[in-house]
>>> print(open('final07.csv').read())   # CSV, C-alpha atoms and all ligand atoms
chain,number,residue,atom,x,y,z
H,1,MET,CA,54.3,85.0,106.0
H,2,THR,CA,52.7,84.9,102.5
H,3,THR,CA,48.9,84.9,102.5
H,4,PRO,CA,47.3,81.6,101.3
H,5,PRO,CA,44.5,81.9,98.7
H,6,ASN,CA,42.0,80.4,101.1
H,7,PRO,CA,43.1,81.3,104.7
H,8,ASP,CA,41.7,78.9,107.3
H,9,LEU,CA,41.0,79.4,111.0
H,10,GLU,CA,44.4,78.3,112.0
H,11,TYR,CA,46.1,80.8,109.7
H,12,ILE,CA,43.8,83.7,110.7
H,13,THR,CA,44.1,83.0,114.4
H,14,ALA,CA,47.9,82.9,114.2
H,15,ALA,CA,48.0,86.1,112.0
H,16,ALA,CA,45.7,87.9,114.4
H,17,ALA,CA,47.9,86.9,117.4
H,18,ALA,CA,51.0,88.1,115.5
H,19,ALA,CA,49.3,91.4,114.6
H,20,LEU,CA,48.4,91.9,118.2
H,21,ASP,CA,52.0,91.3,119.4
H,22,GLU,CA,53.4,93.5,116.7
H,23,GLY,CA,50.8,96.2,117.4
H,24,ARG,CA,51.6,96.3,121.1
H,25,ARG,CA,55.3,96.5,120.3
H,26,ARG,CA,54.8,99.5,117.9
H,27,LEU,CA,52.6,101.4,120.4
H,28,ASP,CA,55.0,100.7,123.3
H,29,SER,CA,58.1,101.8,121.4
H,30,ALA,CA,56.9,105.3,120.6
H,31,THR,CA,59.2,107.9,122.2
H,32,THR,CA,57.3,111.1,121.3
H,33,ALA,CA,53.6,112.0,121.3
H,34,ALA,CA,53.7,112.3,117.5
H,35,GLN,CA,55.3,108.8,117.1
H,36,PHE,CA,52.5,107.4,119.3
H,37,SER,CA,49.8,108.9,117.1
H,38,GLU,CA,51.4,107.5,114.0
H,39,ALA,CA,51.7,104.0,115.6
H,40,GLU,CA,48.0,104.2,116.6
H,41,ARG,CA,47.0,104.9,113.1
H,42,ASP,CA,49.2,102.1,111.7
H,43,VAL,CA,48.0,99.3,114.0
H,44,LEU,CA,44.4,100.3,114.5
H,45,GLY,CA,43.5,102.2,111.3
H,46,LYS,CA,42.0,101.1,108.0
H,47,ARG,CA,45.2,99.9,106.5
H,48,SER,CA,46.3,98.0,109.7
H,49,ALA,CA,47.2,94.3,109.6
H,50,LEU,CA,44.0,93.4,111.5
H,51,ALA,CA,41.8,95.4,109.1
H,52,THR,CA,43.5,93.6,106.2
H,53,LEU,CA,42.9,90.2,107.9
H,54,ASN,CA,39.2,91.1,108.1
H,55,THR,CA,39.0,91.5,104.3
H,56,LEU,CA,40.3,87.9,104.0
H,57,LEU,CA,37.5,86.4,106.0
H,58,GLY,CA,35.3,86.2,102.9
H,59,ARG,CA,37.8,83.7,101.3
H,60,ALA,CA,38.0,81.5,104.4
H,61,PRO,CA,36.2,78.2,104.5
H,62,GLN,CA,32.5,78.7,105.4
H,63,ALA,CA,32.8,76.6,108.6
H,64,ASP,CA,35.8,78.7,109.9
H,65,ARG,CA,34.5,82.1,109.3
H,66,LYS,CA,32.6,82.8,112.6
H,67,ALA,CA,35.5,81.6,114.8
H,68,ALA,CA,38.1,83.4,112.6
H,69,GLY,CA,36.1,86.6,112.8
H,70,ALA,CA,35.9,86.4,116.5
H,71,ALA,CA,39.6,85.9,116.8
H,72,ILE,CA,40.3,89.0,114.7
H,73,HIS,CA,37.8,91.0,116.8
H,74,ALA,CA,39.3,89.8,120.1
H,75,ALA,CA,42.8,90.9,118.9
H,76,LEU,CA,41.4,94.3,117.8
H,77,VAL,CA,39.7,94.9,121.2
H,78,ALA,CA,42.8,93.9,123.1
H,79,LEU,CA,45.0,96.2,121.0
H,80,ARG,CA,42.5,99.1,121.4
H,81,GLU,CA,42.5,98.7,125.2
H,82,PHE,CA,46.3,98.7,125.2
H,83,ALA,CA,46.4,101.8,123.1
H,84,ALA,CA,43.9,103.5,125.3
H,85,GLU,CA,46.0,102.9,128.4
H,86,LEU,CA,49.1,104.4,126.9
H,87,SER,CA,47.2,107.3,125.3
H,88,GLY,CA,46.4,108.6,128.8
H,89,ASP,CA,50.1,108.9,129.6
H,90,TRP,CA,50.8,110.6,126.3
H,91,GLU,CA,48.0,113.1,126.9
H,92,ALA,CA,49.6,114.1,130.2
H,93,ARG,CA,53.0,114.3,128.5
H,94,ARG,CA,51.6,116.5,125.7
H,95,ARG,CA,50.2,118.9,128.4
H,96,GLU,CA,53.5,119.0,130.2
H,97,GLU,CA,55.4,119.7,127.0
H,98,ARG,CA,53.0,122.5,126.1
H,99,ILE,CA,53.2,124.1,129.6
H,100,SER,CA,57.0,124.0,129.6
H,101,ALA,CA,57.0,125.6,126.1
H,102,GLU,CA,54.7,128.4,127.3
H,103,ARG,CA,56.6,129.0,130.5
H,104,LEU,CA,57.9,132.5,131.0
H,105,ASP,CA,61.4,133.0,132.1
H,106,LEU,CA,61.3,135.4,135.0
H,107,THR,CA,64.9,135.1,136.0
H,108,GLU,CA,65.6,138.1,133.8
H,109,TYR,CA,64.2,140.2,136.5
H,110,SER,CA,66.0,138.6,139.4
H,111,ALA,CA,68.4,140.6,141.5
H,112,GLY,CA,72.1,140.4,141.0
H,113,PRO,CA,74.0,138.2,138.4
H,114,ALA,CA,72.4,135.2,136.8
H,115,LEU,CA,72.2,132.2,139.1
H,116,PRO,CA,74.8,129.4,138.5
H,117,PRO,CA,73.5,126.1,137.2
H,118,LEU,CA,73.1,123.2,139.6
H,119,PRO,CA,74.6,122.0,141.9
H,120,GLY,CA,74.3,124.6,144.6
H,121,THR,CA,71.6,127.3,144.0
H,122,ARG,CA,71.8,130.7,145.5
H,123,ARG,CA,68.7,132.4,146.7
H,124,GLY,CA,68.0,136.0,145.6
H,125,ILE,CA,67.8,138.0,148.8
H,126,GLY,CA,65.3,140.9,149.0
H,127,HIS,CA,65.9,144.2,150.7
H,128,LEU,CA,63.9,147.0,152.4
H,129,HIS,CA,61.8,149.3,150.2
H,130,LEU,CA,63.3,152.7,149.4
H,131,VAL,CA,60.8,154.5,151.7
H,132,THR,CA,61.5,152.1,154.6
H,133,GLN,CA,65.3,152.7,154.1
H,134,THR,CA,64.7,156.4,154.1
H,135,ARG,CA,62.6,156.2,157.3
H,136,ASP,CA,65.3,154.1,159.0
H,137,GLU,CA,68.0,156.6,158.0
H,138,LEU,CA,65.9,159.5,159.3
H,139,GLU,CA,65.3,157.7,162.6
H,140,ASP,CA,69.0,157.0,162.9
H,141,THR,CA,69.9,160.6,162.3
H,142,PHE,CA,67.5,161.9,164.9
H,143,VAL,CA,68.5,159.2,167.5
H,144,ALA,CA,72.1,160.3,167.0
H,145,MET,CA,70.9,163.9,167.9
H,146,GLY,CA,69.4,162.6,171.1
H,147,PHE,CA,65.8,162.1,170.0
H,148,THR,CA,63.6,159.1,170.9
H,149,VAL,CA,61.2,157.5,168.4
H,150,ALA,CA,57.5,157.2,169.1
H,151,GLU,CA,54.5,155.9,167.2
H,152,GLY,CA,50.8,156.3,167.2
H,153,PRO,CA,47.7,154.7,165.6
H,154,GLU,CA,46.8,155.2,162.0
H,155,ALA,CA,43.0,155.3,162.8
H,156,GLU,CA,42.5,158.4,164.9
H,157,THR,CA,39.7,160.3,166.4
H,158,ASP,CA,38.8,163.8,165.3
H,159,TRP,CA,40.1,165.0,168.7
H,160,TYR,CA,43.7,163.9,168.1
H,161,ASN,CA,43.9,164.7,164.3
H,162,PHE,CA,42.2,168.1,164.5
H,163,GLU,CA,40.6,169.4,167.7
H,164,ALA,CA,43.5,169.1,170.1
H,165,LEU,CA,45.7,170.6,167.4
H,166,ASN,CA,43.8,173.9,167.7
H,167,MET,CA,41.3,173.1,165.0
H,168,PRO,CA,37.8,173.0,166.5
H,169,PRO,CA,34.9,171.6,164.4
H,170,ALA,CA,34.4,173.6,161.2
H,171,HIS,CA,37.7,175.4,161.6
H,172,PRO,CA,38.7,176.5,158.0
H,173,ALA,CA,42.2,175.1,158.4
H,174,ARG,CA,40.7,171.5,158.4
H,175,GLY,CA,40.4,172.0,154.6
H,176,MET,CA,44.2,171.8,154.3
H,177,TRP,CA,43.7,168.0,154.6
H,178,ASP,CA,41.3,166.0,152.5
H,179,THR,CA,40.2,163.5,155.1
H,180,LEU,CA,39.1,159.9,154.8
H,181,TYR,CA,36.6,159.1,157.5
H,182,LEU,CA,35.9,155.6,158.9
H,183,ARG,CA,32.3,154.3,159.5
H,184,LEU,CA,32.9,154.0,163.2
H,185,GLY,CA,31.0,155.8,166.0
H,186,PRO,CA,29.1,159.1,165.3
H,187,PRO,CA,29.6,160.5,161.7
H,188,GLU,CA,33.1,161.9,161.0
H,189,SER,CA,34.3,161.1,164.5
H,190,VAL,CA,37.0,158.5,163.5
H,191,LEU,CA,39.3,158.9,160.6
H,192,LEU,CA,42.6,157.8,159.0
H,193,ARG,CA,45.1,160.3,160.2
H,194,THR,CA,46.0,162.9,157.6
H,195,HIS,CA,49.4,163.7,159.2
H,196,THR,CA,51.6,162.4,162.1
H,197,SER,CA,50.8,165.5,164.2
H,198,PRO,CA,48.2,163.6,166.4
H,199,VAL,CA,51.1,161.6,167.8
H,200,GLN,CA,52.4,164.9,169.3
H,201,ILE,CA,49.2,165.1,171.2
H,202,ARG,CA,49.4,161.5,172.5
H,203,LEU,CA,53.0,162.1,173.7
H,204,MET,CA,52.2,165.4,175.5
H,205,GLU,CA,49.0,163.9,177.0
H,206,SER,CA,51.1,161.1,178.6
H,207,GLY,CA,52.5,163.9,180.8
H,208,GLN,CA,56.2,162.9,180.6
H,209,LEU,CA,58.2,166.0,180.1
H,210,PRO,CA,60.6,167.0,178.7
H,211,ILE,CA,60.0,165.6,175.2
H,212,TYR,CA,62.6,165.2,172.5
H,213,SER,CA,61.0,162.8,170.0
H,214,VAL,CA,60.4,162.0,166.4
H,215,MET,CA,57.3,160.2,165.2
H,216,PRO,CA,57.4,158.5,161.8
H,217,GLY,CA,54.4,156.8,160.2
H,218,ARG,CA,51.8,156.2,157.5
H,219,CYS,CA,49.2,158.9,156.7
H,220,TYR,CA,46.2,159.0,154.4
H,221,ARG,CA,44.5,161.7,152.4
H,222,ARG,CA,41.7,161.7,149.9
H,223,ASP,CA,44.0,162.7,147.1
H,224,THR,CA,44.2,161.4,143.5
H,225,PRO,CA,47.7,159.9,143.0
H,226,ASP,CA,49.9,161.9,140.7
H,227,ALA,CA,53.6,162.5,140.1
H,228,ARG,CA,54.0,164.3,143.5
H,229,HIS,CA,51.1,162.9,145.7
H,230,LEU,CA,50.1,159.5,147.0
H,231,PRO,CA,46.9,159.0,149.0
H,232,VAL,CA,48.9,156.7,151.3
H,233,PHE,CA,52.2,158.2,152.3
H,234,HIS,CA,54.6,158.7,155.2
H,235,GLN,CA,55.6,161.6,157.4
H,236,ILE,CA,58.0,162.1,160.2
H,237,GLU,CA,57.0,164.5,163.0
H,238,GLY,CA,59.4,166.1,165.5
H,239,LEU,CA,58.5,167.5,168.9
H,240,VAL,CA,60.6,169.2,171.5
H,241,VAL,CA,59.0,170.4,174.7
H,242,ASP,CA,61.1,171.7,177.6
H,243,GLU,CA,61.7,174.7,179.7
H,244,GLY,CA,63.2,177.7,177.8
H,245,ILE,CA,62.9,176.3,174.2
H,246,THR,CA,63.2,179.1,171.6
H,247,PHE,CA,62.6,179.6,167.9
H,248,GLY,CA,66.5,179.7,167.6
H,249,ASP,CA,66.6,176.2,169.1
H,250,MET,CA,64.2,175.0,166.3
H,251,ALA,CA,66.2,176.6,163.5
H,252,GLY,CA,69.4,175.1,165.0
H,253,VAL,CA,67.9,171.6,165.2
H,254,ILE,CA,66.6,171.8,161.7
H,255,GLU,CA,70.0,173.0,160.4
H,256,SER,CA,71.9,170.3,162.3
H,257,PHE,CA,69.5,167.6,161.0
H,258,THR,CA,69.9,168.9,157.4
H,259,THR,CA,73.7,168.7,157.4
H,260,ALA,CA,73.7,165.4,159.3
H,261,PHE,CA,71.3,163.8,156.9
H,262,PHE,CA,72.3,165.3,153.5
H,263,GLY,CA,75.9,166.2,154.1
H,264,PRO,CA,77.8,169.4,155.0
H,265,ASP,CA,77.0,171.2,151.7
H,266,ILE,CA,73.3,171.1,152.3
H,267,HIS,CA,71.7,173.8,154.5
H,268,SER,CA,68.3,174.9,155.6
H,269,ARG,CA,66.2,178.1,155.7
H,270,LEU,CA,62.8,179.1,157.1
H,271,ARG,CA,60.0,181.0,155.4
H,272,PRO,CA,56.9,182.4,157.3
H,273,SER,CA,53.9,180.2,156.9
H,274,TYR,CA,50.7,179.2,158.8
H,275,PHE,CA,49.7,176.0,160.7
H,276,PRO,CA,47.0,176.1,163.3
H,277,PHE,CA,49.1,174.1,165.8
H,278,THR,CA,52.1,176.4,165.8
H,279,GLU,CA,52.7,180.1,166.3
H,280,PRO,CA,54.7,181.4,164.7
H,281,SER,CA,54.8,178.9,161.9
H,282,ALA,CA,57.3,178.4,159.1
H,283,GLU,CA,58.1,176.2,156.1
H,284,PHE,CA,61.5,174.9,156.0
H,285,GLU,CA,63.5,174.4,152.8
H,286,VAL,CA,66.8,172.7,152.2
H,287,THR,CA,69.5,173.3,149.5
H,288,CYS,CA,68.5,171.2,146.5
H,289,PRO,CA,70.5,168.0,147.0
H,290,ILE,CA,70.5,167.3,143.3
H,291,CYS,CA,72.2,170.5,142.1
H,292,SER,CA,73.7,171.6,145.5
H,293,GLY,CA,71.9,174.9,145.1
H,294,SER,CA,72.9,176.0,141.6
H,295,GLY,CA,69.4,175.4,140.2
H,296,CYS,CA,68.0,172.5,138.3
H,297,ARG,CA,64.7,171.0,137.1
H,298,THR,CA,64.0,169.3,140.5
H,299,CYS,CA,64.1,172.7,142.3
H,300,SER,CA,62.7,174.6,139.4
H,301,GLY,CA,65.9,176.6,139.2
H,302,SER,CA,65.6,178.1,142.7
H,303,GLY,CA,68.3,176.0,144.4
H,304,TRP,CA,66.0,175.2,147.3
H,305,ILE,CA,63.5,172.4,148.0
H,306,GLU,CA,60.6,172.8,150.3
H,307,LEU,CA,60.6,169.9,152.8
H,308,GLY,CA,58.0,170.5,155.5
H,309,GLY,CA,56.4,172.7,158.1
H,310,CYS,CA,57.5,173.7,161.6
H,311,GLY,CA,56.8,176.2,164.3
H,312,MET,CA,56.5,176.9,168.0
H,313,VAL,CA,53.8,174.8,169.7
H,314,ASP,CA,50.7,177.0,170.0
H,315,PRO,CA,49.6,177.7,173.6
H,316,ASN,CA,46.1,176.4,172.7
H,317,VAL,CA,47.7,173.0,171.9
H,318,PHE,CA,49.5,173.0,175.3
H,319,ALA,CA,46.2,173.8,177.0
H,320,ALA,CA,44.4,170.9,175.3
H,321,VAL,CA,47.0,168.4,176.8
H,322,HIS,CA,47.3,170.3,180.1
H,323,VAL,CA,50.9,171.3,179.7
H,324,ASP,CA,51.7,174.6,181.5
H,325,SER,CA,52.7,177.0,178.7
H,326,GLU,CA,54.0,179.5,181.4
H,327,LYS,CA,56.6,177.0,182.3
H,328,TYR,CA,57.2,175.0,179.1
H,329,SER,CA,57.7,176.0,175.5
H,330,GLY,CA,58.4,173.8,172.5
H,331,PHE,CA,58.7,173.4,168.8
H,332,ALA,CA,57.4,170.9,166.2
H,333,PHE,CA,58.1,170.0,162.6
H,334,GLY,CA,56.8,167.5,160.1
H,335,PHE,CA,57.6,166.5,156.6
H,336,GLY,CA,57.0,163.7,154.0
H,337,ILE,CA,59.3,160.7,153.9
H,338,ASP,CA,58.2,159.6,150.4
H,339,ARG,CA,58.7,163.1,149.1
H,340,LEU,CA,62.2,163.2,150.6
H,341,ALA,CA,63.0,159.8,149.0
H,342,GLN,CA,61.6,161.1,145.7
H,343,VAL,CA,63.9,164.1,145.7
H,344,ARG,CA,67.0,162.2,146.7
H,345,ALA,CA,66.5,159.4,144.2
H,346,GLU,CA,65.4,161.9,141.5
H,347,LEU,CA,62.2,160.0,140.8
H,348,SER,CA,60.1,161.8,138.2
H,349,ASP,CA,57.0,160.1,139.5
H,350,MET,CA,56.1,159.1,143.1
H,351,ARG,CA,53.8,156.4,141.8
H,352,HIS,CA,56.9,154.3,141.0
H,353,LEU,CA,57.2,153.7,144.7
H,354,LEU,CA,54.0,151.7,144.6
H,355,ASP,CA,54.3,149.9,141.3
H,356,ASN,CA,56.2,146.9,142.8
H,357,ASP,CA,58.3,146.6,139.7
H,358,VAL,CA,61.4,144.6,140.7
H,359,ARG,CA,63.5,146.4,138.1
H,360,PHE,CA,62.7,149.7,139.8
H,361,LEU,CA,63.1,148.4,143.4
H,362,THR,CA,66.4,146.6,142.9
H,363,GLN,CA,68.1,149.9,142.1
H,364,PHE,CA,68.0,151.0,145.7
A,1,LIG,N1,51.2,168.3,159.9
A,1,LIG,C1,51.6,169.2,158.9
A,1,LIG,C2,51.2,168.6,157.5
A,1,LIG,O1,50.8,167.5,157.4
A,1,LIG,C3,53.1,169.3,158.8
A,1,LIG,C4,53.6,170.1,160.0
A,1,LIG,C5,53.7,171.4,160.0
A,1,LIG,C6,53.9,169.4,161.2
A,1,LIG,C7,54.1,172.2,161.1
A,1,LIG,C8,54.3,170.1,162.3
A,1,LIG,C9,54.4,171.5,162.2
A,1,LIG,O2,54.6,169.5,163.5
A,1,LIG,O3,54.8,172.2,163.4
A,1,LIG,O4,51.2,169.4,156.5
>>> encode(input="final07.csv", output="structure tokens", more="lines below")
Ligand code: DAH
Amino acid sequence: MTTPPNPDLEYITAAAAAALDEGRRRLDSATTAAQFSEAERDVLGKRSALATLNTLLGRAPQADRKAAGAAIHAALVALREFAAELSGDWEARRREERISAERLDLTEYSAGPALPPLPGTRRGIGHLHLVTQTRDELEDTFVAMGFTVAEGPEAETDWYNFEALNMPPAHPARGMWDTLYLRLGPPESVLLRTHTSPVQIRLMESGQLPIYSVMPGRCYRRDTPDARHLPVFHQIEGLVVDEGITFGDMAGVIESFTTAFFGPDIHSRLRPSYFPFTEPSAEFEVTCPICSGSGCRTCSGSGWIELGGCGMVDPNVFAAVHVDSEKYSGFAFGFGIDRLAQVRAELSDMRHLLDNDVRFLTQF
């Protein structure tokens, strides 16, 4: 349509209606956020058809100007409203586009081979933590040797954790364990158990003899985490109480366990030590499972790894739980499950066990 030199009301009204239609079509046909912004500029900006029409008003017949101006304004308002409606959708789309562009692809860390594309997705299945697997294996080994499995509470009283284990208040051996106390009852009367030995007391206290049991569980110490220590860790305790149990029985059980758990090439040996709840006491060592005894970094070249403590149950402990030490004798042992897992998996740092890094965990 060519513009007449003196556009009248009829011409301007028709031109405004056409600009409105064309403007709506342009806005509606945008397929990307950028196209929409461009269309908005073209149909509502300074160089738009409606803006140009406005400049023609001055040349319109005097009598037509007011009505013609109103027609242009009405078209402009209608087009702005239409654009505003669409612009909300585009804003939402822009956000979605930005979010999906910034999205991190975590599938790189998923277990197993990459998932196939649709249809049919496979779920990545988790598994037990290395420490839990080790605990389960230990339990299985001892159960196969005729032991039962028992558990006790993690929050203990001073009596079970120390006193009944032949450590009266202020006994210097209490310093072997940096203890975390709970704000419960009189000061320092309730604590987080520093070892699994209190479960021995609970078992013997129940009065059901003989006892052939292992007691795995979580323990706590006021330790700073480092390559070989965690403030929250796991131990497994063993206790045998029966008539005529000897130190030789203890050495035999430890040796049988060692070969059953690690394999026939790995053996055990005992070294004199001290624990308040056993007399005599020993530390037990096993052939280094990494180098099979020839000497490596893990065993500092000695060929042996120290695993835990053991000994014959002290008569004072029997007295605390009213077991007749004239009739019964027994032995006990205890060692760290996390430490064992560390040695077997050759972990340079125990803290990896707590990092929750899927790349570490899926190796086991
Ligand atoms: N409870 C000891 C600790 O935490 C380990 C231990 C040593 C347990 C000797 C025993 C034992 O049962 O007889 O270091």
>>> residues_near_ligand(input="final07.csv", ligand="ligand LIG 1 (chain A)", cutoff="8 Å", atoms="all atoms listed in the file", output="list in words")
Met176, Trp177, Thr194, His195, Thr196, Ser197, Gln200, Gln235, Glu237, Gly238, Leu239, Phe275, Phe277, Thr278, Ser281, Ala282, Glu283, Gly308, Gly309, Cys310, Gly311, Met312, Val313, Phe331, Ala332, Phe333, Gly334 and Phe335 of chain H
>>> closest_residue(input="final07.csv", among="H:Leu180, H:Leu165, H:Ala150, H:Val199", to="Val214 of chain H", atoms="all atoms listed in the file")
H:Ala150
>>> atom_distance(input="final07.csv", atom1="atom CA of Arg65 of chain H", atom2="atom CA of Arg25 of chain H")
27.6 Å
>>> atom_distance(input="final07.csv", atom1="atom CA of Asn54 of chain H", atom2="atom CA of His73 of chain H")
8.8 Å
>>> closest_residue(input="final07.csv", among="H:Ser300, H:Leu76, H:Ala30, H:Tyr220", to="Ala51 of chain H", atoms="only C-alpha atoms")
H:Leu76
>>> closest_residue(input="final07.csv", among="H:Asp249, H:Glu346, H:Glu81, H:Asp8", to="Ile290 of chain H", atoms="all atoms listed in the file")
H:Glu346
>>> atom_distance(input="final07.csv", atom1="atom CA of Asp357 of chain H", atom2="atom CA of His234 of chain H")
20.0 Å
>>> residues_around(input="final07.csv", residues="Gly252 of chain H", least_positions_apart="2", cutoff="12 Å", atoms="all atoms listed in the file", output="VMD selection string")
chain H and resid 145 245 to 250 254 to 259 267 to 270 284 331
>>> write_last_selection(input="final07.csv", atoms="C-alpha atoms", output="mmCIF file, keeping the file's coordinate frame")
data_model
loop_
_atom_site.group_PDB
_atom_site.id
_atom_site.type_symbol
_atom_site.label_atom_id
_atom_site.label_comp_id
_atom_site.auth_asym_id
_atom_site.auth_seq_id
_atom_site.Cartn_x
_atom_site.Cartn_y
_atom_site.Cartn_z
ATOM 1 C CA MET H 145 70.900 163.900 167.900
ATOM 2 C CA ILE H 245 62.900 176.300 174.200
ATOM 3 C CA THR H 246 63.200 179.100 171.600
ATOM 4 C CA PHE H 247 62.600 179.600 167.900
ATOM 5 C CA GLY H 248 66.500 179.700 167.600
ATOM 6 C CA ASP H 249 66.600 176.200 169.100
ATOM 7 C CA MET H 250 64.200 175.000 166.300
ATOM 8 C CA ILE H 254 66.600 171.800 161.700
ATOM 9 C CA GLU H 255 70.000 173.000 160.400
ATOM 10 C CA SER H 256 71.900 170.300 162.300
ATOM 11 C CA PHE H 257 69.500 167.600 161.000
ATOM 12 C CA THR H 258 69.900 168.900 157.400
ATOM 13 C CA THR H 259 73.700 168.700 157.400
ATOM 14 C CA HIS H 267 71.700 173.800 154.500
ATOM 15 C CA SER H 268 68.300 174.900 155.600
ATOM 16 C CA ARG H 269 66.200 178.100 155.700
ATOM 17 C CA LEU H 270 62.800 179.100 157.100
ATOM 18 C CA PHE H 284 61.500 174.900 156.000
ATOM 19 C CA PHE H 331 58.700 173.400 168.800
#
>>> residues_around(input="final07.csv", residues="Phe364 of chain H", least_positions_apart="2", cutoff="7 Å", atoms="only C-alpha atoms", output="PDB file with C-alpha atoms, in the coordinates of the input")
ATOM      1  CA  LEU H 130      63.300 152.700 149.400  1.00  0.00           C
ATOM      2  CA  LEU H 361      63.100 148.400 143.400  1.00  0.00           C
ATOM      3  CA  THR H 362      66.400 146.600 142.900  1.00  0.00           C
TER       4      THR H 362
END
>>> closest_residue(input="final07.csv", among="H:Leu44, H:Met215, H:Leu209, H:Ala78", to="Phe142 of chain H", atoms="all atoms listed in the file")
H:Met215
